[in-house]
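Enquirer: Shown below is the structure under consideration.
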Amino acid sequence: TTIILNVNAKEEFALPIHGKKSNLTRNDLARYFCIERLGLEEKLMEKLFQDLLHAATTWPEIIQRSFLSVEKQNAYQVVLKERIARLQA
């Protein structure tokens, strides 16, 4: 939705997570979704992040094959790279 609504959108989430709607870090996401909501243990949480980052290596190709315009594909790639970088931190 960030791409469709506005590439320069200031909010990434409609509802705040620990008081934040943007620039969420890996720790913010892990604490909220994995620990508080799902009750996952640290070891499983780390495995899920590893699996997600591994799967993300195929996303650029999928985006290129999508129905999106080249402009939207490029915007999607930018958002994807930025958010993957946050998950790796």
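Just so we're on the same page: first chain in the structure tokens is A, next is B, and so on; residues restart at 1 for each chain, and ligands are numbered from 1 in the order they show up.
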Extract, using only C-alpha atoms, all DNA, RNA and protein residues at most 12 Å from Lys20 of chain A, discarding same-chain residues fewer than 4 positions from it, and format them as a ChimeraX atom specification.
Expert: /A:10-16,24-25,28-29,32
Enquirer: Next, dump the selected residues to file, keeping only N, CA, C and O atoms, as an mmCIF file, in the first residue's frame.
Expert:
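The resulting file, part_2.cif, is shown below:
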```
data_model
loop_
_atom_site.group_PDB
_atom_site.id
_atom_site.type_symbol
_atom_site.label_atom_id
_atom_site.label_comp_id
_atom_site.auth_asym_id
_atom_site.auth_seq_id
_atom_site.Cartn_x
_atom_site.Cartn_y
_atom_site.Cartn_z
ATOM 1 N N LYS A 10 4.561 8.677 5.158
ATOM 2 C CA LYS A 10 5.279 8.766 6.426
ATOM 3 C C LYS A 10 4.927 7.617 7.355
ATOM 4 O O LYS A 10 5.696 7.291 8.241
ATOM 5 N N GLU A 11 3.761 7.014 7.157
ATOM 6 C CA GLU A 11 3.330 5.927 8.024
ATOM 7 C C GLU A 11 3.358 4.609 7.251
ATOM 8 O O GLU A 11 2.884 4.528 6.135
ATOM 9 N N GLU A 12 3.918 3.586 7.879
ATOM 10 C CA GLU A 12 3.993 2.262 7.267
ATOM 11 C C GLU A 12 2.874 1.357 7.759
ATOM 12 O O GLU A 12 2.517 0.407 7.089
ATOM 13 N N PHE A 13 2.353 1.640 8.933
ATOM 14 C CA PHE A 13 1.287 0.854 9.531
ATOM 15 C C PHE A 13 0.132 1.779 9.903
ATOM 16 O O PHE A 13 0.357 2.923 10.295
ATOM 17 N N ALA A 14 -1.081 1.287 9.778
ATOM 18 C CA ALA A 14 -2.252 2.092 10.130
ATOM 19 C C ALA A 14 -2.336 2.280 11.646
ATOM 20 O O ALA A 14 -2.690 3.346 12.121
ATOM 21 N N LEU A 15 -1.998 1.243 12.385
ATOM 22 C CA LEU A 15 -2.042 1.312 13.844
ATOM 23 C C LEU A 15 -0.624 1.309 14.395
ATOM 24 O O LEU A 15 0.259 0.630 13.869
ATOM 25 N N PRO A 16 -0.390 2.052 15.457
ATOM 26 C CA PRO A 16 0.967 2.110 16.004
ATOM 27 C C PRO A 16 1.392 0.810 16.687
ATOM 28 O O PRO A 16 0.577 0.107 17.277
ATOM 29 N N LEU A 24 9.973 1.140 11.790
ATOM 30 C CA LEU A 24 9.996 0.029 12.731
ATOM 31 C C LEU A 24 11.249 -0.803 12.504
ATOM 32 O O LEU A 24 11.626 -1.076 11.365
ATOM 33 N N THR A 25 11.877 -1.203 13.568
ATOM 34 C CA THR A 25 13.095 -2.000 13.495
ATOM 35 C C THR A 25 12.749 -3.483 13.629
ATOM 36 O O THR A 25 11.622 -3.848 13.960
ATOM 37 N N ASP A 28 11.438 -4.034 17.060
ATOM 38 C CA ASP A 28 10.033 -3.626 17.225
ATOM 39 C C ASP A 28 9.098 -4.713 16.710
ATOM 40 O O ASP A 28 8.144 -5.100 17.387
ATOM 41 N N LEU A 29 9.372 -5.189 15.497
ATOM 42 C CA LEU A 29 8.518 -6.208 14.882
ATOM 43 C C LEU A 29 8.582 -7.524 15.640
ATOM 44 O O LEU A 29 7.554 -8.168 15.863
ATOM 45 N N TYR A 32 6.743 -7.180 19.081
ATOM 46 C CA TYR A 32 5.291 -7.077 18.978
ATOM 47 C C TYR A 32 4.647 -8.338 18.400
ATOM 48 O O TYR A 32 3.783 -8.942 19.020
#
```
Enquirer: Against segment 66-83 of chain A, which residues of segment 7-59 of chain A fall within 12 Å? For each one I want the closest pair of atoms and the distance in Å (one decimal), counting only C-alpha atoms, rows by chain and increasing residue number, as a Markdown table.
Expert:
```
| residue | atom | partner | partner_atom | distance |
| --- | --- | --- | --- | --- |
| A:Val7 | CA | A:Ala75 | CA | 7.0 |
| A:Asn8 | CA | A:Val79 | CA | 10.1 |
| A:Ala9 | CA | A:Val79 | CA | 11.0 |
| A:Glu12 | CA | A:Arg83 | CA | 10.5 |
| A:Ser22 | CA | A:Arg83 | CA | 10.9 |
| A:Asn23 | CA | A:Arg83 | CA | 9.0 |
| A:Leu24 | CA | A:Arg83 | CA | 9.0 |
| A:Thr25 | CA | A:Arg83 | CA | 8.8 |
| A:Arg26 | CA | A:Arg83 | CA | 9.3 |
| A:Leu29 | CA | A:Arg83 | CA | 11.4 |
| A:Leu52 | CA | A:Arg83 | CA | 11.8 |
| A:Leu53 | CA | A:Arg83 | CA | 10.5 |
| A:Ala56 | CA | A:Leu80 | CA | 8.6 |
| A:Thr57 | CA | A:Lys81 | CA | 10.2 |
| A:Thr58 | CA | A:Leu80 | CA | 11.5 |
| A:Trp59 | CA | A:Leu80 | CA | 8.5 |
```
Enquirer: Could you dump the residues just selected with N, CA and C atoms as a short mmCIF file (atom, residue, chain, number, x, y, z; two decimals), in the first residue's frame?
Expert:
```
data_model
loop_
_atom_site.label_atom_id
_atom_site.label_comp_id
_atom_site.auth_asym_id
_atom_site.auth_seq_id
_atom_site.Cartn_x
_atom_site.Cartn_y
_atom_site.Cartn_z
N VAL A 7 4.63 6.79 -2.41
CA VAL A 7 5.95 6.25 -2.14
C VAL A 7 6.60 6.95 -0.95
N ASN A 8 6.26 8.21 -0.74
CA ASN A 8 6.85 8.98 0.35
C ASN A 8 5.97 9.00 1.59
N ALA A 9 5.12 8.02 1.74
CA ALA A 9 4.23 7.96 2.89
C ALA A 9 5.04 7.95 4.18
N GLU A 12 3.92 3.59 7.88
CA GLU A 12 3.99 2.26 7.27
C GLU A 12 2.87 1.36 7.76
N SER A 22 6.04 4.12 11.80
CA SER A 22 7.03 4.05 10.73
C SER A 22 8.41 3.82 11.33
N ASN A 23 9.35 3.51 10.44
CA ASN A 23 10.73 3.23 10.85
C ASN A 23 10.81 2.15 11.93
N LEU A 24 9.97 1.14 11.79
CA LEU A 24 10.00 0.03 12.73
C LEU A 24 11.25 -0.80 12.50
N THR A 25 11.88 -1.20 13.57
CA THR A 25 13.09 -2.00 13.50
C THR A 25 12.75 -3.48 13.63
N ARG A 26 13.75 -4.29 13.41
CA ARG A 26 13.59 -5.74 13.60
C ARG A 26 13.13 -6.02 15.02
N LEU A 29 9.37 -5.19 15.50
CA LEU A 29 8.52 -6.21 14.88
C LEU A 29 8.58 -7.52 15.64
N LEU A 52 12.48 -15.92 6.42
CA LEU A 52 11.91 -14.77 5.72
C LEU A 52 12.97 -14.07 4.86
N LEU A 53 14.14 -13.86 5.43
CA LEU A 53 15.21 -13.20 4.68
C LEU A 53 15.69 -14.07 3.51
N ALA A 56 13.13 -13.80 0.79
CA ALA A 56 13.15 -12.46 0.19
C ALA A 56 14.10 -12.36 -1.00
N THR A 57 15.02 -13.28 -1.11
CA THR A 57 15.95 -13.25 -2.25
C THR A 57 15.24 -13.51 -3.57
N THR A 58 14.08 -14.14 -3.53
CA THR A 58 13.32 -14.42 -4.75
C THR A 58 12.32 -13.32 -5.10
N TRP A 59 12.05 -12.43 -4.19
CA TRP A 59 11.02 -11.42 -4.40
C TRP A 59 11.32 -10.46 -5.55
#
```
Enquirer: Hey, what does DSSP flag as alpha helix (DSSP H) within segment 13-77 of chain A? Can you give it to me as number ranges by chain?
Expert: A: 26-29, 42-55, 59-64, 70-77
Enquirer: Under the rule that only C-alpha atoms are counted, which of A:Arg65, A:Lys47, A:Lys21, A:Arg86 is the nearest residue to Cys34 of chain A?
Expert: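 Checking each candidate against Cys34 of chain A, we get A:Lys47 as the closest.
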Enquirer: Would you compute the distance between atom CA of Ile17 of chain A and atom CA of Ala30 of chain A? Give it in Å to one decimal.
Expert: 10.9 Å
